[in-house]
file work.pdb (PDB, C-alpha atoms, pLDDT in the B column)
ATOM      1  CA  LEU A  15      98.536  89.515  81.502  1.00 77.00           C
ATOM      2  CA  TYR A  16      99.653  87.043  78.850  1.00 81.00           C
ATOM      3  CA  ASN A  17      96.814  86.700  76.347  1.00 84.00           C
ATOM      4  CA  LYS A  18      97.639  88.629  73.182  1.00 89.00           C
ATOM      5  CA  ASP A  19      93.961  88.940  72.240  1.00 91.00           C
ATOM      6  CA  SER A  20      92.675  92.222  73.707  1.00 91.00           C
ATOM      7  CA  ALA A  21      89.086  90.976  73.353  1.00 93.00           C
ATOM      8  CA  ARG A  22      89.899  88.084  75.696  1.00 93.00           C
ATOM      9  CA  ARG A  23      91.542  90.438  78.180  1.00 93.00           C
ATOM     10  CA  LEU A  24      88.458  92.656  78.025  1.00 93.00           C
ATOM     11  CA  LEU A  25      86.301  89.613  78.732  1.00 94.00           C
ATOM     12  CA  ALA A  26      88.499  88.808  81.708  1.00 93.00           C
ATOM     13  CA  ILE A  27      87.881  92.272  83.163  1.00 92.00           C
ATOM     14  CA  GLN A  28      84.146  91.807  82.723  1.00 93.00           C
ATOM     15  CA  ALA A  29      84.392  88.508  84.620  1.00 93.00           C
ATOM     16  CA  VAL A  30      86.507  90.067  87.384  1.00 91.00           C
ATOM     17  CA  GLN A  31      83.681  92.515  88.128  1.00 89.00           C
ATOM     18  CA  HIS A  32      81.660  89.625  89.572  1.00 91.00           C
ATOM     19  CA  LEU A  33      84.314  88.700  92.128  1.00 92.00           C
ATOM     20  CA  PRO A  34      84.285  89.976  95.735  1.00 90.00           C
ATOM     21  CA  LYS A  35      85.873  93.419  96.006  1.00 88.00           C
ATOM     22  CA  GLN A  36      88.897  92.151  97.916  1.00 86.00           C
ATOM     23  CA  GLN A  37      89.746  89.873  94.977  1.00 90.00           C
ATOM     24  CA  SER A  38      88.656  92.085  92.103  1.00 91.00           C
ATOM     25  CA  VAL A  39      90.461  95.319  93.034  1.00 91.00           C
ATOM     26  CA  PRO A  40      94.067  93.999  92.711  1.00 90.00           C
ATOM     27  CA  LEU A  41      93.200  92.427  89.341  1.00 91.00           C
ATOM     28  CA  LEU A  42      91.551  95.604  88.077  1.00 92.00           C
ATOM     29  CA  GLN A  43      94.609  97.590  89.146  1.00 91.00           C
ATOM     30  CA  LEU A  44      96.779  95.250  87.088  1.00 91.00           C
ATOM     31  CA  ALA A  45      94.539  95.925  84.102  1.00 92.00           C
ATOM     32  CA  LEU A  46      95.183  99.669  84.421  1.00 92.00           C
ATOM     33  CA  LYS A  47      98.604  98.978  82.912  1.00 92.00           C
ATOM     34  CA  ASP A  48      97.190  97.149  79.880  1.00 91.00           C
ATOM     35  CA  LEU A  49      98.310  98.421  76.468  1.00 91.00           C
ATOM     36  CA  ASP A  50      94.765  98.368  75.100  1.00 93.00           C
ATOM     37  CA  ASP A  51      92.679 101.509  75.737  1.00 94.00           C
ATOM     38  CA  ASP A  52      89.389  99.612  76.074  1.00 94.00           C
ATOM     39  CA  VAL A  53      90.799  97.268  78.717  1.00 93.00           C
ATOM     40  CA  ARG A  54      92.279 100.150  80.730  1.00 94.00           C
ATOM     41  CA  LEU A  55      89.100 102.226  80.526  1.00 95.00           C
ATOM     42  CA  LEU A  56      86.887  99.329  81.641  1.00 95.00           C
ATOM     43  CA  ALA A  57      89.214  98.567  84.567  1.00 93.00           C
ATOM     44  CA  TYR A  58      89.249 102.235  85.583  1.00 93.00           C
ATOM     45  CA  ALA A  59      85.462 102.475  85.331  1.00 94.00           C
ATOM     46  CA  SER A  60      85.085  99.320  87.440  1.00 93.00           C
ATOM     47  CA  LEU A  61      87.356 100.668  90.167  1.00 92.00           C
ATOM     48  CA  GLU A  62      85.528 103.990  90.101  1.00 92.00           C
ATOM     49  CA  THR A  63      82.203 102.166  90.506  1.00 92.00           C
ATOM     50  CA  ILE A  64      83.498 100.321  93.583  1.00 92.00           C
ATOM     51  CA  GLU A  65      84.774 103.546  95.139  1.00 92.00           C
ATOM     52  CA  THR A  66      81.504 105.329  94.363  1.00 93.00           C
ATOM     53  CA  GLU A  67      79.468 102.572  96.005  1.00 93.00           C
ATOM     54  CA  VAL A  68      81.556 102.771  99.176  1.00 93.00           C
ATOM     55  CA  ASN A  69      81.309 106.573  99.260  1.00 94.00           C
ATOM     56  CA  GLN A  70      77.538 106.347  98.818  1.00 96.00           C
ATOM     57  CA  SER A  71      77.405 104.027 101.827  1.00 96.00           C
ATOM     58  CA  ILE A  72      79.451 106.553 103.801  1.00 97.00           C
ATOM     59  CA  SER A  73      77.036 109.365 102.882  1.00 97.00           C
ATOM     60  CA  LEU A  74      74.061 107.240 103.916  1.00 97.00           C
ATOM     61  CA  PHE A  75      75.619 106.275 107.242  1.00 97.00           C
ATOM     62  CA  LYS A  76      76.576 109.895 107.937  1.00 97.00           C
ATOM     63  CA  LYS A  77      72.947 110.985 107.491  1.00 96.00           C
ATOM     64  CA  GLN A  78      71.875 108.281 109.929  1.00 96.00           C
ATOM     65  CA  TYR A  79      74.610 109.304 112.354  1.00 96.00           C
ATOM     66  CA  LYS A  80      73.413 112.918 112.389  1.00 94.00           C
ATOM     67  CA  GLN A  81      69.928 111.709 113.319  1.00 94.00           C
ATOM     68  CA  SER A  82      70.751 109.126 115.989  1.00 92.00           C
ATOM     69  CA  ASN A  83      74.441 109.613 116.946  1.00 91.00           C
ATOM     70  CA  LYS A  84      74.870 105.911 117.735  1.00 96.00           C
ATOM     71  CA  ALA A  85      78.255 104.282 118.303  1.00 97.00           C
ATOM     72  CA  GLU A  86      77.469 101.447 115.880  1.00 97.00           C
ATOM     73  CA  ILE A  87      76.800 103.895 113.027  1.00 97.00           C
ATOM     74  CA  ALA A  88      80.060 105.745 113.678  1.00 97.00           C
ATOM     75  CA  PHE A  89      81.761 102.344 113.525  1.00 98.00           C
ATOM     76  CA  ASP A  90      80.014 101.568 110.218  1.00 97.00           C
ATOM     77  CA  ILE A  91      81.317 104.839 108.744  1.00 98.00           C
ATOM     78  CA  ALA A  92      84.851 104.057 109.933  1.00 98.00           C
ATOM     79  CA  GLN A  93      84.626 100.580 108.401  1.00 97.00           C
ATOM     80  CA  GLN A  94      83.721 102.067 105.016  1.00 96.00           C
ATOM     81  CA  TYR A  95      86.680 104.462 105.114  1.00 96.00           C
ATOM     82  CA  TRP A  96      88.915 101.591 106.185  1.00 96.00           C
ATOM     83  CA  GLU A  97      87.656  99.459 103.306  1.00 93.00           C
ATOM     84  CA  LEU A  98      88.748 102.105 100.785  1.00 93.00           C
ATOM     85  CA  CYS A  99      92.265 101.882 102.236  1.00 92.00           C
ATOM     86  CA  TYR A 100      92.291  98.120 102.812  1.00 88.00           C
ATOM     87  CA  LEU A 101      91.207  97.373  99.242  1.00 88.00           C
ATOM     88  CA  GLY A 102      94.032  99.534  97.918  1.00 86.00           C
ATOM     89  CA  ILE A 103      91.712 101.887  96.040  1.00 86.00           C
ATOM     90  CA  ALA A 104      93.111 104.964  97.780  1.00 84.00           C
ATOM     91  CA  ASP A 105      96.743 105.983  98.094  1.00 85.00           C
ATOM     92  CA  GLY A 106      98.855 108.994  98.965  1.00 91.00           C
ATOM     93  CA  VAL A 107      97.083 112.043 100.373  1.00 94.00           C
ATOM     94  CA  ILE A 108      93.628 110.550  99.792  1.00 92.00           C
ATOM     95  CA  LYS A 109      94.522 107.399 101.727  1.00 94.00           C
ATOM     96  CA  ASN A 110      95.836 109.491 104.610  1.00 95.00           C
ATOM     97  CA  TYR A 111      92.555 111.452 104.626  1.00 96.00           C
ATOM     98  CA  TYR A 112      90.486 108.245 104.679  1.00 96.00           C
ATOM     99  CA  LEU A 113      92.584 106.865 107.550  1.00 97.00           C
ATOM    100  CA  GLU A 114      92.142 110.100 109.492  1.00 97.00           C
ATOM    101  CA  GLN A 115      88.382 109.924 108.966  1.00 97.00           C
ATOM    102  CA  ALA A 116      88.288 106.280 110.086  1.00 97.00           C
ATOM    103  CA  GLU A 117      90.312 107.214 113.179  1.00 98.00           C
ATOM    104  CA  ALA A 118      88.013 110.145 114.019  1.00 98.00           C
ATOM    105  CA  PHE A 119      84.800 108.108 113.751  1.00 98.00           C
ATOM    106  CA  LEU A 120      86.258 105.212 115.756  1.00 98.00           C
ATOM    107  CA  ILE A 121      87.254 107.609 118.527  1.00 98.00           C
ATOM    108  CA  SER A 122      83.715 109.019 118.437  1.00 97.00           C
ATOM    109  CA  ALA A 123      82.278 105.511 118.616  1.00 97.00           C
ATOM    110  CA  ASN A 124      84.445 104.698 121.640  1.00 97.00           C
ATOM    111  CA  ASN A 125      83.445 107.957 123.326  1.00 97.00           C
ATOM    112  CA  ILE A 126      79.799 106.967 123.022  1.00 97.00           C
ATOM    113  CA  GLN A 127      80.262 103.330 124.023  1.00 96.00           C
ATOM    114  CA  GLU A 128      83.641 101.605 124.036  1.00 96.00           C
ATOM    115  CA  LYS A 129      83.663  98.143 122.460  1.00 97.00           C
ATOM    116  CA  ALA A 130      86.341  95.601 121.591  1.00 97.00           C
ATOM    117  CA  PRO A 131      85.661  95.611 117.807  1.00 97.00           C
ATOM    118  CA  PHE A 132      85.992  99.418 117.780  1.00 97.00           C
ATOM    119  CA  ASN A 133      89.404  99.186 119.435  1.00 97.00           C
ATOM    120  CA  LEU A 134      90.511  96.379 117.132  1.00 97.00           C
ATOM    121  CA  LEU A 135      89.805  98.423 114.009  1.00 97.00           C
ATOM    122  CA  LEU A 136      91.282 101.562 115.586  1.00 97.00           C
ATOM    123  CA  GLY A 137      94.433  99.593 116.343  1.00 97.00           C
ATOM    124  CA  ARG A 138      94.622  98.470 112.718  1.00 96.00           C
ATOM    125  CA  VAL A 139      94.152 102.051 111.525  1.00 97.00           C
ATOM    126  CA  TYR A 140      96.992 103.202 113.783  1.00 96.00           C
ATOM    127  CA  LEU A 141      99.170 100.391 112.434  1.00 95.00           C
ATOM    128  CA  GLU A 142      98.524 101.598 108.898  1.00 94.00           C
ATOM    129  CA  GLN A 143      99.541 105.085 110.051  1.00 94.00           C
ATOM    130  CA  LYS A 144     102.702 103.603 111.649  1.00 92.00           C
ATOM    131  CA  LYS A 145     101.579 104.806 115.097  1.00 94.00           C
ATOM    132  CA  THR A 146     102.662 101.614 116.833  1.00 93.00           C
ATOM    133  CA  GLU A 147     102.321 102.788 120.449  1.00 93.00           C
ATOM    134  CA  LEU A 148      98.708 103.865 119.948  1.00 96.00           C
ATOM    135  CA  ALA A 149      98.057 100.679 117.975  1.00 95.00           C
ATOM    136  CA  GLU A 150      99.299  98.511 120.849  1.00 94.00           C
ATOM    137  CA  ILE A 151      97.158 100.394 123.369  1.00 96.00           C
ATOM    138  CA  HIS A 152      93.933  99.877 121.456  1.00 97.00           C
ATOM    139  CA  LEU A 153      94.714  96.332 120.344  1.00 96.00           C
ATOM    140  CA  SER A 154      95.357  95.430 123.980  1.00 95.00           C
ATOM    141  CA  LYS A 155      92.044  97.050 124.899  1.00 96.00           C
ATOM    142  CA  ALA A 156      90.348  94.940 122.225  1.00 96.00           C
ATOM    143  CA  GLN A 157      91.780  91.798 123.812  1.00 93.00           C
ATOM    144  CA  THR A 158      90.897  92.752 127.392  1.00 94.00           C
ATOM    145  CA  GLY A 159      87.492  93.873 126.120  1.00 95.00           C
ATOM    146  CA  GLY A 160      86.504  90.373 125.078  1.00 94.00           C
ATOM    147  CA  LEU A 161      88.239  89.397 121.839  1.00 94.00           C
ATOM    148  CA  LYS A 162      90.350  86.243 121.768  1.00 93.00           C
ATOM    149  CA  MET A 163      94.103  86.659 121.781  1.00 91.00           C
ATOM    150  CA  THR A 164      94.271  84.729 118.514  1.00 88.00           C
ATOM    151  CA  GLN A 165      92.180  87.489 116.905  1.00 91.00           C
ATOM    152  CA  VAL A 166      94.418  90.287 118.142  1.00 93.00           C
ATOM    153  CA  ALA A 167      97.849  88.628 118.123  1.00 91.00           C
ATOM    154  CA  PRO A 168      98.591  89.100 114.384  1.00 90.00           C
ATOM    155  CA  TYR A 169      98.198  92.873 114.716  1.00 92.00           C
ATOM    156  CA  LEU A 170     100.097  93.061 118.003  1.00 93.00           C
ATOM    157  CA  ALA A 171     102.866  91.042 116.333  1.00 90.00           C
ATOM    158  CA  GLU A 172     102.917  93.510 113.446  1.00 89.00           C
ATOM    159  CA  ALA A 173     103.202  96.418 115.880  1.00 90.00           C
ATOM    160  CA  ALA A 174     106.044  94.686 117.715  1.00 89.00           C
ATOM    161  CA  TYR A 175     107.810  93.940 114.425  1.00 87.00           C
ATOM    162  CA  ILE A 176     107.559  97.568 113.248  1.00 87.00           C
ATOM    163  CA  ALA A 177     108.862  98.734 116.637  1.00 86.00           C
ATOM    164  CA  LYS A 178     111.657  96.093 116.439  1.00 86.00           C
ATOM    165  CA  ASP A 179     110.572  94.684 119.804  1.00 87.00           C
ATOM    166  CA  TYR A 180     111.487  91.084 119.009  1.00 84.00           C
ATOM    167  CA  GLN A 181     110.832  89.786 122.508  1.00 85.00           C
ATOM    168  CA  LYS A 182     107.185  90.835 122.281  1.00 87.00           C
ATOM    169  CA  LEU A 183     107.031  89.590 118.704  1.00 85.00           C
ATOM    170  CA  GLN A 184     108.059  86.108 119.822  1.00 85.00           C
ATOM    171  CA  GLN A 185     105.320  86.094 122.472  1.00 87.00           C
ATOM    172  CA  TYR A 186     102.617  87.030 119.952  1.00 87.00           C
ATOM    173  CA  LEU A 187     103.850  84.561 117.338  1.00 85.00           C
ATOM    174  CA  ALA A 188     103.030  81.759 119.782  1.00 84.00           C
ATOM    175  CA  TYR A 189      99.330  82.463 119.193  1.00 82.00           C
ATOM    176  CA  PHE A 190      99.608  81.980 115.418  1.00 78.00           C
ATOM    177  CA  PRO A 191      98.234  78.728 113.898  1.00 68.00           C
ATOM    178  CA  SER A 192     100.730  75.995 113.091  1.00 66.00           C
ATOM    179  CA  GLY A 193      99.073  74.659 109.900  1.00 58.00           C
ATOM    180  CA  GLN A 194     101.417  74.877 106.931  1.00 47.00           C
ATOM    181  CA  SER A 195      98.671  76.077 104.586  1.00 48.00           C
ATOM    182  CA  SER A 196      97.712  79.019 106.777  1.00 54.00           C
ATOM    183  CA  LYS A 197      98.742  82.511 105.647  1.00 57.00           C
ATOM    184  CA  LEU A 198      99.349  83.388 109.289  1.00 56.00           C
ATOM    185  CA  SER A 199     101.706  80.421 109.675  1.00 56.00           C
ATOM    186  CA  GLN A 200     103.648  81.627 106.622  1.00 56.00           C
ATOM    187  CA  LEU A 201     103.809  85.114 108.135  1.00 58.00           C
ATOM    188  CA  LYS A 202     104.957  83.594 111.411  1.00 57.00           C
ATOM    189  CA  ALA A 203     107.775  81.804 109.601  1.00 58.00           C
ATOM    190  CA  PHE A 204     108.793  85.010 107.812  1.00 56.00           C
ATOM    191  CA  TRP A 205     108.815  87.142 110.953  1.00 55.00           C
ATOM    192  CA  SER A 206     110.691  84.438 112.865  1.00 56.00           C
ATOM    193  CA  TRP A 207     113.304  84.333 110.103  1.00 49.00           C
ATOM    194  CA  LYS A 208     113.588  88.134 110.049  1.00 52.00           C
ATOM    195  CA  LYS A 209     113.937  88.198 113.833  1.00 51.00           C
ATOM    196  CA  THR A 210     116.729  85.611 113.712  1.00 45.00           C
ATOM    197  CA  SER A 211     118.464  87.568 110.947  1.00 46.00           C
ATOM    198  CA  MET A 212     118.265  90.785 112.982  1.00 43.00           C
ATOM    199  CA  PHE A 213     119.747  89.067 116.026  1.00 39.00           C
ATOM    200  CA  ALA A 214     122.568  87.770 113.827  1.00 38.00           C
ATOM    201  CA  TYR A 215     123.327  91.302 112.634  1.00 39.00           C
ATOM    202  CA  TYR A 216     123.406  92.683 116.165  1.00 37.00           C
ATOM    203  CA  TRP A 217     125.540  89.771 117.365  1.00 33.00           C
ATOM    204  CA  LYS A 218     128.136  90.651 114.724  1.00 38.00           C
ATOM    205  CA  GLY A 219     128.010  94.305 115.700  1.00 39.00           C
ATOM    206  CA  LEU A 220     126.533  95.343 112.384  1.00 37.00           C
ATOM    207  CA  THR A 221     123.606  97.667 111.678  1.00 36.00           C
ATOM    208  CA  PRO A 222     120.651  95.878 110.004  1.00 38.00           C
ATOM    209  CA  MET A 223     119.193  97.309 106.830  1.00 36.00           C
TER     210      MET A 223
END
call {"tool": "encode", "arguments": {"input": "work.pdb", "output": "structure tokens"}}
result
Amino acid sequence: LYNKDSARRLLAIQAVQHLPKQQSVPLLQLALKDLDDDVRLLAYASLETIETEVNQSISLFKKQYKQSNKAEIAFDIAQQYWELCYLGIADGVIKNYYLEQAEAFLISANNIQEKAPFNLLLGRVYLEQKKTELAEIHLSKAQTGGLKMTQVAPYLAEAAYIAKDYQKLQQYLAYFPSGQSSKLSQLKAFWSWKKTSMFAYYWKGLTPM
């Protein structure tokens, strides 16, 4: 961002390619705004390579799914579609399509053999689609299906926050870790502050933004 030497920025993009996808994608997206053509083109090519690799995995899993129709393979396909959305590679109409595909394959997986991890991911997909009621249903199924409440609580808390159900939110926040360095503890503090702010607005008879 701050080095005036375009050759150094280009070198940085080359180094970023060796990072895990979750770390590299946001950095490559930053580089798309670089003023130098070479830096932008390399960042774009790197992002395209990541997307191509994921889509190739989807094609491979789909071929396997046609042959064996196993729940685990349908789940693998859904995970790949979810990764494209989670990494931030897709947006707009394309992201909506990927989320719909992830939803469809997770429903198929559950129809074959319902499992807690399937419901957890389906709940997260519904959250991303802002379908909070469906998200809560499947996240609750994930918890009753064998996952620990600490694994599911962050997503249930998110659903409660979106739905402005602050009583439920408070219940789920109790399962968050208390360590100050934890991202979840920071999120807990933020949601708790937002909840208190909302209550203050309602107490004054005002409409929250």
call {"tool": "resolve_selection", "arguments": {"input": "work.pdb", "expression": "the PyMOL selection byres ((chain A and resi 160) around 12)", "output": "NGL selection string"}}
result
:A and (128-134 or 153-159 or 161-166)
call {"tool": "atom_distance", "arguments": {"input": "work.pdb", "atom1": "atom CA of A:Leu56", "atom2": "atom CA of A:Leu15"}}
result
15.2 Å
call {"tool": "closest_residue", "arguments": {"input": "work.pdb", "among": "A:Leu187, A:Ala177, A:Ile27, A:Leu41", "to": "A:Lys144", "atoms": "all atoms listed in the file"}}
result
A:Ala177
call {"tool": "atom_distance", "arguments": {"input": "work.pdb", "atom1": "atom CA of A:Thr146", "atom2": "atom CA of A:Pro40"}}
result
26.7 Å
call {"tool": "residues_around", "arguments": {"input": "work.pdb", "residues": "stretch 95-111 of chain A", "least_positions_apart": "4", "cutoff": "8 Å", "atoms": "all atoms listed in the file", "output": "ChimeraX atom specification"}}
result
/A:35-36,39-40,61,65,68,72,91,115-116,139,143
call {"tool": "axis_aligned_box", "arguments": {"input": "work.pdb", "around": "stretch 164-171 of chain A", "padding_each_side": "8 Å", "output": "lines of an AutoDock Vina configuration file"}}
result
center_x = 97.5
center_y = 88.9
center_z = 116.4
size_x = 26.7
size_y = 24.3
size_z = 20.1
call {"tool": "closest_residue", "arguments": {"input": "work.pdb", "among": "A:Glu67, A:Ala85, A:Asp19, A:Ser38", "to": "A:Val53", "atoms": "all atoms listed in the file"}}
result
A:Asp19
call {"tool": "resolve_selection", "arguments": {"input": "work.pdb", "expression": "the PyMOL selection byres ((chain A and resi 59) around 12)", "output": "PyMOL selection string"}}
result
chain A and resi 27-28+31+39+42-43+45-46+52-58+60-66
call {"tool": "atom_distance", "arguments": {"input": "work.pdb", "atom1": "atom CA of A:Ala167", "atom2": "atom CA of A:Tyr189"}}
result
6.4 Å
call {"tool": "closest_residue", "arguments": {"input": "work.pdb", "among": "A:Leu148, A:Ala173, A:Leu24, A:Val30", "to": "A:Leu49", "atoms": "only C-alpha atoms"}}
result
A:Leu24
call {"tool": "residues_around", "arguments": {"input": "work.pdb", "residues": "A:Leu183", "least_positions_apart": "6", "cutoff": "7 Å", "atoms": "all atoms listed in the file", "output": "ChimeraX atom specification"}}
result
/A:171,174-175
call {"tool": "resolve_selection", "arguments": {"input": "work.pdb", "expression": "the PyMOL selection byres ((chain A and resi 123) around 12)", "output": "PyMOL selection string"}}
result
chain A and resi 79+83-93+116-122+124-133+135-136
call {"tool": "write_last_selection", "arguments": {"input": "work.pdb", "atoms": "C-alpha atoms", "output": "tab-separated table (two decimals), in the coordinates of the input"}}
result
chain	number	residue	atom	x	y	z
A	79	TYR	CA	74.61	109.30	112.35
A	83	ASN	CA	74.44	109.61	116.95
A	84	LYS	CA	74.87	105.91	117.74
A	85	ALA	CA	78.26	104.28	118.30
A	86	GLU	CA	77.47	101.45	115.88
A	87	ILE	CA	76.80	103.90	113.03
A	88	ALA	CA	80.06	105.74	113.68
A	89	PHE	CA	81.76	102.34	113.52
A	90	ASP	CA	80.01	101.57	110.22
A	91	ILE	CA	81.32	104.84	108.74
A	92	ALA	CA	84.85	104.06	109.93
A	93	GLN	CA	84.63	100.58	108.40
A	116	ALA	CA	88.29	106.28	110.09
A	117	GLU	CA	90.31	107.21	113.18
A	118	ALA	CA	88.01	110.14	114.02
A	119	PHE	CA	84.80	108.11	113.75
A	120	LEU	CA	86.26	105.21	115.76
A	121	ILE	CA	87.25	107.61	118.53
A	122	SER	CA	83.72	109.02	118.44
A	124	ASN	CA	84.44	104.70	121.64
A	125	ASN	CA	83.44	107.96	123.33
A	126	ILE	CA	79.80	106.97	123.02
A	127	GLN	CA	80.26	103.33	124.02
A	128	GLU	CA	83.64	101.60	124.04
A	129	LYS	CA	83.66	98.14	122.46
A	130	ALA	CA	86.34	95.60	121.59
A	131	PRO	CA	85.66	95.61	117.81
A	132	PHE	CA	85.99	99.42	117.78
A	133	ASN	CA	89.40	99.19	119.44
A	135	LEU	CA	89.80	98.42	114.01
A	136	LEU	CA	91.28	101.56	115.59
